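Enquirer: Take this structure, written in structure tokens, and hold onto it; I'll ask about it next.
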Amino acid sequence: RKEATGYGLMFFMREMLGAHDICLKDKTVTISGSGNVAIYACEKAQAMGAKVVAMSDSNGAIYDENGIDLDCVKEIKEVNRGRIKEYLDSHKNAKYIEKSGTENPVWTIKTDIALPCATQNELVLEDAKNLVANGVIAVGEGANMPCSEEATLYLQEHKVLVAPAKA
């Protein structure tokens, strides 16, 4: 049961991308959050051949250009109930970006696919502008209504595919 939302998000993303002749394999993915939805979206994205390079929590984001070590994230979040920053303790080449203000730093990282999986209204207009400027091709909503209306409209105006949370 705990895998259902994250897995479902990735199955929907795969089908949406496929309908536009885009393959998920070898795409770069960033994910907000590090709870059940984010962890299992990451797990399924990796199983489908995508490279997840960033995840976050309420304090900041980790960026691992080699790809997120999901076993490490699971240990930190599901077993130890720790903070995502602890990822750097065992992954010295990864980077941590501290959150400042209301912006989630995960949306400043270059990505093909962005998956907001944390909370409602977490991806706002400024985030959408950052994603578009960095070449995002698709956004898949894993959380309940994570994109603000302004962000969704901006993404659509810029021909970014958007998979809604309430598909």
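Chains: A, B, ... in order of the structure tokens. Residues: from 1 per chain. Ligands: from 1, in order shown.
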Find the residues around region 4-8 of chain A up to 9 Å (only C-alpha atoms counted), leave out those fewer than 4 positions away in its own chain, and share them as a list of chain:residue names.
Expert: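 That gives A:Phe12, A:Met13, A:Asn36, A:Val37, A:Ala38, A:Ile39, A:Tyr40, A:Ala41, A:Cys42, A:Glu43, A:Lys44, A:Ala45, A:Cys117, A:Gly142, A:Ala143.
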Enquirer: Can you tell me, as a ChimeraX atom specification, which residues in chain A count as helix (DSSP H, G or I) by DSSP?
Expert: /A:4-19,36-47,70-79,84-89,105-108,125-133,149-157
Enquirer: Selection from above, C-alpha atoms, as a PDB file, in the first residue's frame, can you write it?
Expert:
ATOM      1  CA  ALA A   4       0.842   2.756  -4.465  1.00  0.00           C
ATOM      2  CA  THR A   5       0.933   6.522  -4.990  1.00  0.00           C
ATOM      3  CA  GLY A   6       4.589   6.775  -6.006  1.00  0.00           C
ATOM      4  CA  TYR A   7       4.368   3.762  -8.305  1.00  0.00           C
ATOM      5  CA  GLY A   8       1.089   5.014  -9.784  1.00  0.00           C
ATOM      6  CA  LEU A   9       2.642   8.399 -10.484  1.00  0.00           C
ATOM      7  CA  MET A  10       5.425   6.770 -12.457  1.00  0.00           C
ATOM      8  CA  PHE A  11       3.095   4.486 -14.408  1.00  0.00           C
ATOM      9  CA  PHE A  12       1.025   7.552 -15.341  1.00  0.00           C
ATOM     10  CA  MET A  13       4.168   9.514 -16.280  1.00  0.00           C
ATOM     11  CA  ARG A  14       5.431   6.665 -18.451  1.00  0.00           C
ATOM     12  CA  GLU A  15       2.118   6.515 -20.333  1.00  0.00           C
ATOM     13  CA  MET A  16       1.832  10.294 -20.685  1.00  0.00           C
ATOM     14  CA  LEU A  17       5.372  10.572 -22.034  1.00  0.00           C
ATOM     15  CA  GLY A  18       4.841   7.589 -24.340  1.00  0.00           C
ATOM     16  CA  ALA A  19       1.745   9.238 -25.816  1.00  0.00           C
ATOM     17  CA  ASN A  36       6.341   7.483   0.943  1.00  0.00           C
ATOM     18  CA  VAL A  37       5.248   9.096  -2.316  1.00  0.00           C
ATOM     19  CA  ALA A  38       8.714  10.484  -3.091  1.00  0.00           C
ATOM     20  CA  ILE A  39      10.602   7.342  -2.068  1.00  0.00           C
ATOM     21  CA  TYR A  40       8.457   5.001  -4.119  1.00  0.00           C
ATOM     22  CA  ALA A  41       8.281   7.357  -7.109  1.00  0.00           C
ATOM     23  CA  CYS A  42      12.086   7.350  -6.968  1.00  0.00           C
ATOM     24  CA  GLU A  43      12.196   3.566  -6.719  1.00  0.00           C
ATOM     25  CA  LYS A  44       9.915   3.081  -9.738  1.00  0.00           C
ATOM     26  CA  ALA A  45      11.594   5.839 -11.785  1.00  0.00           C
ATOM     27  CA  GLN A  46      14.953   4.129 -11.266  1.00  0.00           C
ATOM     28  CA  ALA A  47      13.454   0.734 -12.155  1.00  0.00           C
ATOM     29  CA  LEU A  70      17.667   5.138  -2.603  1.00  0.00           C
ATOM     30  CA  ASP A  71      18.720   2.540  -0.020  1.00  0.00           C
ATOM     31  CA  CYS A  72      20.530   5.318   1.819  1.00  0.00           C
ATOM     32  CA  VAL A  73      17.486   7.626   1.659  1.00  0.00           C
ATOM     33  CA  LYS A  74      15.246   4.829   2.939  1.00  0.00           C
ATOM     34  CA  GLU A  75      17.630   4.200   5.857  1.00  0.00           C
ATOM     35  CA  ILE A  76      17.693   7.908   6.730  1.00  0.00           C
ATOM     36  CA  LYS A  77      13.971   8.575   6.383  1.00  0.00           C
ATOM     37  CA  GLU A  78      12.167   5.286   7.089  1.00  0.00           C
ATOM     38  CA  VAL A  79      14.474   3.710   9.677  1.00  0.00           C
ATOM     39  CA  ILE A  84      17.837  14.360   4.107  1.00  0.00           C
ATOM     40  CA  LYS A  85      21.073  16.300   4.727  1.00  0.00           C
ATOM     41  CA  GLU A  86      22.460  13.148   6.411  1.00  0.00           C
ATOM     42  CA  TYR A  87      22.832  11.714   2.891  1.00  0.00           C
ATOM     43  CA  LEU A  88      26.083  13.683   2.666  1.00  0.00           C
ATOM     44  CA  ASP A  89      27.577  11.669   5.543  1.00  0.00           C
ATOM     45  CA  PRO A 105      15.793  24.385  -3.939  1.00  0.00           C
ATOM     46  CA  VAL A 106      15.005  21.106  -5.731  1.00  0.00           C
ATOM     47  CA  TRP A 107      13.265  23.143  -8.457  1.00  0.00           C
ATOM     48  CA  THR A 108      16.466  25.057  -9.260  1.00  0.00           C
ATOM     49  CA  LEU A 125       5.149  30.385 -10.366  1.00  0.00           C
ATOM     50  CA  GLU A 126       8.803  31.202  -9.617  1.00  0.00           C
ATOM     51  CA  ASP A 127       9.583  27.472  -9.407  1.00  0.00           C
ATOM     52  CA  ALA A 128       7.814  26.860 -12.724  1.00  0.00           C
ATOM     53  CA  LYS A 129       9.920  29.605 -14.300  1.00  0.00           C
ATOM     54  CA  ASN A 130      13.107  27.962 -12.955  1.00  0.00           C
ATOM     55  CA  LEU A 131      12.036  24.567 -14.298  1.00  0.00           C
ATOM     56  CA  VAL A 132      11.202  25.939 -17.755  1.00  0.00           C
ATOM     57  CA  ALA A 133      14.482  27.879 -17.893  1.00  0.00           C
ATOM     58  CA  GLU A 149      -2.690  27.433 -10.490  1.00  0.00           C
ATOM     59  CA  GLU A 150      -0.250  30.076 -11.749  1.00  0.00           C
ATOM     60  CA  ALA A 151       2.554  27.512 -11.961  1.00  0.00           C
ATOM     61  CA  THR A 152       0.382  25.029 -13.854  1.00  0.00           C
ATOM     62  CA  LEU A 153      -0.709  27.669 -16.364  1.00  0.00           C
ATOM     63  CA  TYR A 154       2.882  28.808 -16.888  1.00  0.00           C
ATOM     64  CA  LEU A 155       4.059  25.235 -17.455  1.00  0.00           C
ATOM     65  CA  GLN A 156       1.264  24.592 -19.947  1.00  0.00           C
ATOM     66  CA  GLU A 157       1.929  27.883 -21.780  1.00  0.00           C
TER      67      GLU A 157
END
Enquirer: Leaving out region 98-104 of chain A and any residue of its chain fewer than 4 positions from it, which residues lie within 8 Å of it when counting only C-alpha atoms, given as a ChimeraX atom specification?
Expert: /A:32,58-61,108,122-123,127
Enquirer: Among the residues of region 11-74 of chain A, find those DSSP assigns to strand (DSSP E or B) from the backbone and print them as number ranges by chain.
Expert: A: 28-32, 51-57, 60-63
Enquirer: Would you output that residue set with C-alpha atoms, as a JSON list (two decimals), in the first residue's frame?
Expert:
[["chain", "number", "residue", "atom", "x", "y", "z"],
["A", 28, "THR", "CA", 16.90, 13.04, -15.39],
["A", 29, "VAL", "CA", 14.36, 13.35, -12.56],
["A", 30, "THR", "CA", 14.12, 15.61, -9.51],
["A", 31, "ILE", "CA", 11.67, 14.84, -6.70],
["A", 32, "SER", "CA", 10.47, 17.04, -3.88],
["A", 51, "LYS", "CA", 18.16, 8.84, -13.25],
["A", 52, "VAL", "CA", 16.84, 10.51, -10.11],
["A", 53, "VAL", "CA", 19.37, 13.16, -9.08],
["A", 54, "ALA", "CA", 17.61, 15.12, -6.33],
["A", 55, "MET", "CA", 15.22, 14.73, -3.39],
["A", 56, "SER", "CA", 14.30, 17.06, -0.56],
["A", 57, "ASP", "CA", 12.73, 17.55, 2.83],
["A", 60, "GLY", "CA", 16.61, 21.55, 1.88],
["A", 61, "ALA", "CA", 17.52, 19.32, -1.05],
["A", 62, "ILE", "CA", 20.24, 16.82, -1.88],
["A", 63, "TYR", "CA", 21.71, 16.67, -5.37]]
Enquirer: How far is it from CA of Ala163 (chain A) to CA of Glu3 (chain A), in Å with one decimal?
Expert: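 One can read the CA of Ala163 (chain A) to CA of Glu3 (chain A) distance as 18.3 Å.
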Enquirer: Would you mind telling me which residue in A:His158, A:Val124, A:Ser148, A:Asp112 lies nearest to Val136 (chain A) when using only C-alpha atoms?
Expert: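 So, comparing all the options, the nearest one is A:Asp112.
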Enquirer: Of the candidates A:Pro146, A:Gly82, A:Gly67, A:Gly49, which one gets nearest to Ser34 (chain A) if we count only C-alpha atoms?
Expert: A:Gly82
Enquirer: Hey, what's within 6 Å of Leu115 (chain A) if we count only C-alpha atoms and toss same-chain stuff fewer than 4 positions away? As number ranges by chain, please?
Expert: A: 31, 139-141
